[in-house]
Every structure is written in structure tokens, then in C-alpha cells.
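Please read the structure below before turning to the comments.
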Amino acid sequence: METIVMYWEPQIKTYGFQVVKNLALYQYRMPADLPAEWMRAIQQIEDGPNRFHLVYTQLSESFEINLRLICEPEQGACLTRRIATEIPAAGDRLQVTVPVELIFFQGPHFGDRFGIADFTYKALKEKADLLLAAVFACHSIYLMLPEGAADETRTRLAAAFRIPG
Amino acid sequence: MVSINGLKMSEELCLVRLRAASRGSSLMPAFCNLLAGSQVNIPFLSAEYQAGGIQTICCVDAAHQPLLEKLLNAAPMLQERVEYTAGVGLLTLFPHQSRLKLFGLSLRALAQADLRIFATASSVGALTYVLDYARLDQAAAAIKACCKLSRNHAPISAEFAIAQGTRRRPGGKG
């Protein structure tokens with residue numbers, strides 16, 4: 001059975017942009033098979049009221065899991081201390097970038113239709129060169145930027161997307 | 001155990017890796033424009049910009065792989081920087097409520113089940129893993145074993161395919 005659904009949108013719509021500043025980016029390189037000490041280290045981050053703003057991983061060519069955690073700086077510092085109790089040498093696999101900024105937004109069917117990423121990059125124009133990361137998952141888009149770049153990025157995006165109301 | 005309201009499994013996808021040696025390149029805009037021009041949806045994309053260049057992982061419908069190969073082979077800037085991995089799928093847990101506990105538990109559960117994790121990303125409400133498509137059921141079982149799924153909820157599988165197209169609205173401006 002085939003069902004045809006029409007969705008009309010003269011200008012791509014978002015429910016609004018959110019900006020969070022003064023965040024910390026923690027980058028860990030972990031062995032992809034997650035040996036026991038890394039399992040214990042991950043268990044450490046499960047304890048306590050730790051919150052993230054964005055988390056993503058990529059499996060690298062060298063068969064490592066590159067973990068990226070964007071959170072409040074004090075929470076990240078606490079986590080690295082906990083991980084170091086399990087893996088004293090984990091610091092060799094850690095890179096911290098402070099501060100970073102996040103801009104994120106969502107819209108109807110963003111993950112289900114073509115052209116959303118293209119539209120976003122076109123809206124950013126040359127500002128795309130400032131990106132530290134771009135993550136498109138489900139109906140959300142997260143852009144990670146260096147300090148001082150989020151406000152102008154939001155202005156550009158707001159000029160391209162339609163925000164109802 | 002942490003509580004979640006649901007688990008969703010995608011249809012079969014193809015993973016595409018793109019690399020660029022320079023972070024200032026126009027690789028990503030060109031790539032996204034190419035896919036949009038052929039009406040290819042990107043249900044998952046993470047692009048990382050480092051001093052050493054750009055590392056991107058994205059997923060497209062498995063049926064789009066031949067079209068994508070054809071398009072990228074015709075784009076000199078892109079063709080030498082791309083790799084394909086067929087047979088992946090997305091497992092999405094929701095809501096994450098920004099809890100690192102859920103991320104840690106789910107990551108360990110999948111690793112303990114010996115599942116290869118190609119990529120992960122959080123969104124506003126959900127946490128998505130890119131895994132082997134053939135093992136999504138096993139992945140869902142591993143998550144169910146460590147998370148408390150809401151009563152009367154079972155993992156949701158994609159049961160229909162969506163084909164997209166563009167038409168101008170009759171009489172409309174759009």
C-alpha cells in the first residue's frame with residue numbers, strides 16, 4: 001500500500017534557536033573494544049547527577065572511539081578526576097577545550113526529509129569555517145563553535161529559517 | 001537501572017565516511033548540496049572539525065548507496081575522500097534527559113554485547129547509536145536489560161519506507 005503525504009513549507013521552519021556559552025569540550029580517545037579499565041571508567045561517569053549538553057562519538061580509522069562530551073566545565077573536571085582514578089594515564093588520551101559555545105535548534109521532520117543540512121550550511125555561508133562540530137540527529141541540529149561565534153551564527157540562521165510567532 | 005520511554009530501530013542504512021585534510025574546505029557544503037539536489041535524506045550526520053581536517057560520519061538509506069556512489073564519483077573534490085559501510089542501522093533511546101548515566105550505561109551494555117559502535121549522537125531528547133543493522137535486535141535487548149522501559153512499550157521497528165519528492169503547491173508561492 002502506498003500513502004502519499006504532502007507537507008508544504010514555503011520557508012523551512014524551526015522552533016527557535018538556543019545558545020549556551022562557556023561550556024567545556026572533553027575529547028577522549030578510547031579503545032573501540034572498551035577493555036575492562038575503560039568499562040570501569042565509563043561506570044564512573046554514571047554516578048552522580050552529571051549532565052551533558054551534547055555527547056557524540058565517532059569510530060576512527062585507527063579503531064578508537066573518539067568520545068566528545070560538551071558539558072559545564074565544573075562537571076567535566078569532576079568526571080576527568082573520576083576517570084583518572086580508574087585509568088591514571090587517561091589524561092594522555094584527553095584533550096580539553098574551554099570555552100566553547102553551542103547553538104542548537106529543531107524543527108518539524110528535520111531528520112526525515114532531505115535538504116535540511118544543505119539549507120543549514122547555506123545559511124552559515126563562510127561562517128561554516130568556524131565550526132568545531134555539526135551534529136544532525138533525530139529532529140535536532142547542534143553546532144559547536146569557538147568562543148564568541150554563537151551570536152552571529154544565530155543571527156545568520158534566524159535570517160534563513162522561519163520562527164513561528 | 002534508568003528509565004526510558006522508548007527504543008526505536010531504523011531501516012537499513014549505509015554509512016558514509018568523508019574526510020578532508022583541511023578544516024577550511026568546502027567539503028561539507030558541497031556534500032550536503034549534492035545529496036539535497038538528489039533528494040537524498042541524511043537521517044544521521046556528525047562532522048568534526050579539527051586542526052587536522054574534517055571527519056564526518058553520516059547515514060543514508062541503503063537504497064541510495066548506488067546513487068550516492070554515482071554522484072560522488074562524478075565529483076572530483078569528494079570521490080577520493082569517501083568510504084562506504086553497508087548494513088548499518090540506528091538505535092534510538094528516548095528521552096535521555098541529559099543524563100550521563102544513561103549514556104554510560106547504554107555504551108557499556110552495547111560494548112559488553114560485543115556490538116561495534118560506529119557512531120553516537122545526542123539530540124534534544126534522544127540518544128542515537130549507529131550499529132550493525134543485522135544486530136539491532138540484539139542491541140535493543142542489551143539496552144532493555146540495563147534500562148527500565150516504560151510499561152507496555154516495546155522497541156519500535158521501521159515498518160514502512162518513505163520516498164521523498166518535491167512538488168510546488170498548486171496556486172501557492174512556495
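If you're wondering about the labels, chains in the C-alpha cells are A, B, ... by order shown, residues count from 1 in each chain, ligands from 1 in order shown.
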Point to revise | Surrounding residues of Tyr142 of chain A excluding itself and chain neighbours under 4 positions, 6 Å, only C-alpha atoms, as a PyMOL selection string | key: chain A and resi 103-104+134-135
Next, dump the selected residues to file, keeping only C-alpha atoms, as a tab-separated table (two decimals), in the first residue's frame.
```tsv
chain	number	residue	atom	x	y	z
A	103	ILE	CA	23.77	26.67	19.20
A	104	PHE	CA	21.02	24.13	18.73
A	134	ALA	CA	27.99	19.87	13.43
A	135	VAL	CA	25.65	17.12	14.61
```
Point to revise | All residues 7 Å or closer to Thr85 of chain B, only C-alpha atoms, same chain fewer than 2 positions away omitted, as a VMD selection string | key: chain B and resid 14 to 16 83 87
Exercise for review: For segment 76-87 of chain A, please output as a PyMOL selection string all residues within 12 Å (counting only C-alpha atoms; exclusion window: fewer than 2 positions along the same chain).
Suggested key: (chain A and resi 23-28+30+35-53+68-74+89-98) or (chain B and resi 100-101)
Could the residues in this selection be saved with C-alpha atoms as a tab-separated table (two decimals), in the first residue's frame?
```tsv
chain	number	residue	atom	x	y	z
A	23	LEU	CA	30.94	25.18	28.00
A	24	ALA	CA	33.80	22.72	28.01
A	25	LEU	CA	34.60	20.14	25.34
A	26	TYR	CA	36.17	16.93	26.66
A	27	GLN	CA	37.64	14.66	23.99
A	28	TYR	CA	38.66	11.13	24.92
A	30	MET	CA	39.09	5.10	23.86
A	35	PRO	CA	38.72	-3.08	27.78
A	36	ALA	CA	37.87	-3.59	31.45
A	37	GLU	CA	39.54	-0.44	32.77
A	38	TRP	CA	37.60	1.70	30.31
A	39	MET	CA	34.39	-0.08	31.26
A	40	ARG	CA	35.11	0.86	34.86
A	41	ALA	CA	35.97	4.42	33.83
A	42	ILE	CA	32.66	4.76	31.99
A	43	GLN	CA	30.93	3.39	35.05
A	44	GLN	CA	32.46	6.27	36.99
A	45	ILE	CA	30.69	8.81	34.83
A	46	GLU	CA	27.36	7.14	35.54
A	47	ASP	CA	27.48	8.04	39.21
A	48	GLY	CA	26.30	11.39	40.38
A	49	PRO	CA	23.99	13.95	38.84
A	50	ASN	CA	26.15	14.55	35.78
A	51	ARG	CA	24.52	16.21	32.81
A	52	PHE	CA	25.64	16.80	29.25
A	53	HIS	CA	24.65	19.35	26.65
A	68	ARG	CA	33.16	14.12	22.63
A	69	LEU	CA	31.37	15.42	25.68
A	70	ILE	CA	30.19	19.02	25.90
A	71	CYS	CA	29.16	19.98	29.40
A	72	GLU	CA	29.57	22.59	32.11
A	73	PRO	CA	33.30	22.93	32.89
A	74	GLU	CA	33.00	22.00	36.56
A	89	ALA	CA	47.16	7.53	32.17
A	90	ALA	CA	43.79	8.54	30.75
A	91	GLY	CA	44.99	12.14	30.65
A	92	ASP	CA	47.20	11.17	27.72
A	93	ARG	CA	44.05	10.37	25.79
A	94	LEU	CA	42.22	13.51	26.85
A	95	GLN	CA	42.00	16.92	25.23
A	96	VAL	CA	40.01	19.72	26.84
A	97	THR	CA	38.84	22.85	25.03
A	98	VAL	CA	37.38	25.68	27.11
B	100	LEU	CA	25.29	10.89	31.51
B	101	LYS	CA	24.19	7.85	33.44
```
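Comparing A:Tyr7, A:Leu34, A:Ala137, A:Phe17 by their smallest distance to Ala109 of chain B, the closest is A:Leu34 (using only C-alpha atoms).
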Quick check: residues of chain B within 8 Å of chain A, only C-alpha atoms, returned as a CSV table (one decimal) with N, CA and C atoms, in the first residue's frame.
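Once everything was written out, this is out.csv:
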```
chain,number,residue,atom,x,y,z
B,23,ARG,N,40.5,21.9,7.5
B,23,ARG,CA,39.2,22.2,8.1
B,23,ARG,C,38.5,23.4,7.4
B,24,GLY,N,39.2,24.1,6.6
B,24,GLY,CA,38.5,25.2,5.9
B,24,GLY,C,37.9,24.9,4.6
B,25,SER,N,37.9,23.6,4.3
B,25,SER,CA,37.5,23.2,2.9
B,25,SER,C,36.0,23.3,2.8
B,28,MET,N,31.9,19.9,3.3
B,28,MET,CA,30.6,19.6,3.8
B,28,MET,C,29.5,20.3,3.1
B,29,PRO,N,29.6,21.6,2.8
B,29,PRO,CA,28.6,22.3,2.0
B,29,PRO,C,28.4,21.6,0.6
B,32,CYS,N,26.6,18.1,1.2
B,32,CYS,CA,25.2,18.2,1.6
B,32,CYS,C,24.4,18.8,0.4
B,33,ASN,N,25.0,19.6,-0.4
B,33,ASN,CA,24.3,20.2,-1.6
B,33,ASN,C,24.0,19.1,-2.6
B,35,LEU,N,23.7,15.9,-2.0
B,35,LEU,CA,22.6,15.0,-1.6
B,35,LEU,C,21.2,15.7,-1.7
B,36,ALA,N,21.2,16.9,-1.3
B,36,ALA,CA,19.9,17.6,-1.4
B,36,ALA,C,19.4,17.7,-2.8
B,37,GLY,N,20.4,17.9,-3.7
B,37,GLY,CA,20.0,18.0,-5.2
B,37,GLY,C,19.4,16.7,-5.7
B,39,GLN,N,17.6,14.7,-3.7
B,39,GLN,CA,16.6,14.4,-2.7
B,39,GLN,C,16.9,13.2,-1.8
B,40,VAL,N,18.2,13.1,-1.4
B,40,VAL,CA,18.6,12.1,-0.5
B,40,VAL,C,18.6,12.6,0.9
B,41,ASN,N,17.9,12.0,1.8
B,41,ASN,CA,17.8,12.4,3.2
B,41,ASN,C,19.0,11.9,3.9
B,42,ILE,N,19.4,12.7,5.0
B,42,ILE,CA,20.5,12.3,5.9
B,42,ILE,C,19.9,12.1,7.3
B,43,PRO,N,19.6,10.9,7.7
B,43,PRO,CA,19.0,10.8,9.0
B,43,PRO,C,20.0,10.9,10.1
B,44,PHE,N,21.3,10.8,9.8
B,44,PHE,CA,22.3,11.0,10.9
B,44,PHE,C,23.5,11.6,10.3
B,45,LEU,N,24.1,12.6,10.9
B,45,LEU,CA,25.3,13.2,10.4
B,45,LEU,C,26.1,13.8,11.6
B,46,SER,N,27.4,13.5,11.7
B,46,SER,CA,28.2,14.2,12.6
B,46,SER,C,29.5,14.5,11.9
B,47,ALA,N,29.8,15.8,12.0
B,47,ALA,CA,31.0,16.3,11.3
B,47,ALA,C,31.9,17.0,12.4
B,48,GLU,N,33.1,16.6,12.4
B,48,GLU,CA,34.0,17.1,13.4
B,48,GLU,C,35.1,17.9,12.7
B,49,TYR,N,35.3,19.1,13.2
B,49,TYR,CA,36.3,19.9,12.5
B,49,TYR,C,37.5,20.1,13.5
B,50,GLN,N,38.6,19.5,13.1
B,50,GLN,CA,39.8,19.6,14.0
B,50,GLN,C,40.9,20.3,13.2
B,57,ILE,N,30.9,11.4,9.7
B,57,ILE,CA,30.1,10.1,9.5
B,57,ILE,C,28.7,10.5,9.3
B,98,SER,N,19.4,14.5,29.3
B,98,SER,CA,20.8,14.9,29.5
B,98,SER,C,21.5,14.1,30.6
B,99,ARG,N,21.1,12.9,30.8
B,99,ARG,CA,21.7,12.1,31.8
B,99,ARG,C,22.9,11.3,31.3
B,100,LEU,N,24.1,11.6,31.9
B,100,LEU,CA,25.3,10.9,31.5
B,100,LEU,C,25.2,9.4,31.9
B,101,LYS,N,24.4,9.2,33.0
B,101,LYS,CA,24.2,7.8,33.4
B,101,LYS,C,23.6,7.0,32.3
B,102,LEU,N,22.6,7.5,31.6
B,102,LEU,CA,22.0,6.7,30.5
B,102,LEU,C,23.1,6.5,29.4
B,103,PHE,N,23.8,7.5,29.1
B,103,PHE,CA,24.8,7.3,28.1
B,103,PHE,C,25.9,6.3,28.5
B,104,GLY,N,26.4,6.4,29.7
B,104,GLY,CA,27.4,5.4,30.2
B,104,GLY,C,26.8,4.0,30.2
B,105,LEU,N,25.6,3.8,30.8
B,105,LEU,CA,25.0,2.5,30.9
B,105,LEU,C,24.8,1.9,29.5
B,108,ARG,N,28.1,1.0,27.7
B,108,ARG,CA,28.7,-0.3,28.3
B,108,ARG,C,27.9,-1.5,27.9
B,111,ALA,N,28.8,-2.4,24.4
B,111,ALA,CA,30.1,-2.9,24.3
B,111,ALA,C,30.2,-4.3,24.8
B,114,ASP,N,29.3,-7.0,22.7
B,114,ASP,CA,30.3,-7.1,21.6
B,114,ASP,C,29.7,-6.5,20.3
B,116,ARG,N,29.7,-3.4,17.6
B,116,ARG,CA,30.5,-2.4,17.1
B,116,ARG,C,29.7,-1.1,17.1
B,117,ILE,N,30.2,0.0,17.7
B,117,ILE,CA,29.6,1.3,17.7
B,117,ILE,C,30.3,2.2,16.8
B,118,PHE,N,29.6,2.4,15.6
B,118,PHE,CA,30.2,3.2,14.6
B,118,PHE,C,30.2,4.7,15.0
B,119,ALA,N,29.1,5.1,15.6
B,119,ALA,CA,28.9,6.5,16.0
B,119,ALA,C,27.8,6.6,17.0
B,120,THR,N,27.8,7.7,17.7
B,120,THR,CA,26.7,8.0,18.6
B,120,THR,C,26.4,9.5,18.5
B,121,ALA,N,25.2,10.0,18.8
B,121,ALA,CA,25.0,11.4,18.9
B,121,ALA,C,23.7,11.6,19.8
B,122,SER,N,23.8,12.6,20.6
B,122,SER,CA,22.6,13.0,21.3
B,122,SER,C,21.9,14.1,20.4
B,123,SER,N,20.6,14.2,20.6
B,123,SER,CA,19.8,15.3,20.1
B,123,SER,C,19.1,15.9,21.2
B,124,VAL,N,18.1,16.7,21.0
B,124,VAL,CA,17.4,17.4,22.1
B,124,VAL,C,16.9,16.4,23.1
B,126,ALA,N,16.8,12.6,22.4
B,126,ALA,CA,17.2,11.2,22.2
B,126,ALA,C,18.7,11.0,22.1
B,128,THR,N,21.2,8.5,20.0
B,128,THR,CA,21.2,7.6,18.8
B,128,THR,C,22.5,6.9,18.7
B,164,GLN,N,10.8,10.4,-1.0
B,164,GLN,CA,10.5,11.8,-0.9
B,164,GLN,C,10.6,12.4,-2.3
B,169,ARG,N,3.3,23.7,-4.6
B,169,ARG,CA,1.9,23.7,-4.1
B,169,ARG,C,1.1,24.4,-5.2
B,173,LYS,N,2.8,30.0,-3.3
B,173,LYS,CA,4.1,30.8,-3.6
B,173,LYS,C,5.3,29.9,-3.3
B,174,GLY,N,5.1,28.8,-2.5
B,174,GLY,CA,6.3,28.1,-2.1
B,174,GLY,C,6.8,27.1,-3.1
```
Review point. Pick the closest to Val19 of chain A from A:Ile163, A:Ala158, A:Ala149, A:Leu102: which is it, counting only C-alpha atoms?
Key: A:Leu102
Practice item. Please return as a PyMOL selection string: the residues of chain B that backbone DSSP assigns to helix (DSSP H, G or I). Key: chain B and resi 27-37+62-73+76-79+100-112+133-146
Practice item. Taking the chain letters and numbering used in this document, name the residues of segment 32-142 of chain A that DSSP puts in strand (DSSP E or B), as a count of residues only. Key: 36
**Study point:** Separation of atom CA of Gln97 of chain B from atom CA of Gln75 of chain A in Å
**Key:**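 So the two atoms, atom CA of Gln75 of chain A and atom CA of Gln97 of chain B, lie 16.0 Å apart.
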Point to revise | Which residue of B:Met1, B:Leu34, B:Ala21, B:Leu131 approaches Glu69 of chain B most closely, using only C-alpha atoms | key: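 Using only C-alpha atoms, the shortest distance to Glu69 of chain B belongs to B:Leu34.
Interatomic distance, atom CA of Asn152 of chain B against atom CA of Gly107 of chain A: 28.4 Å.
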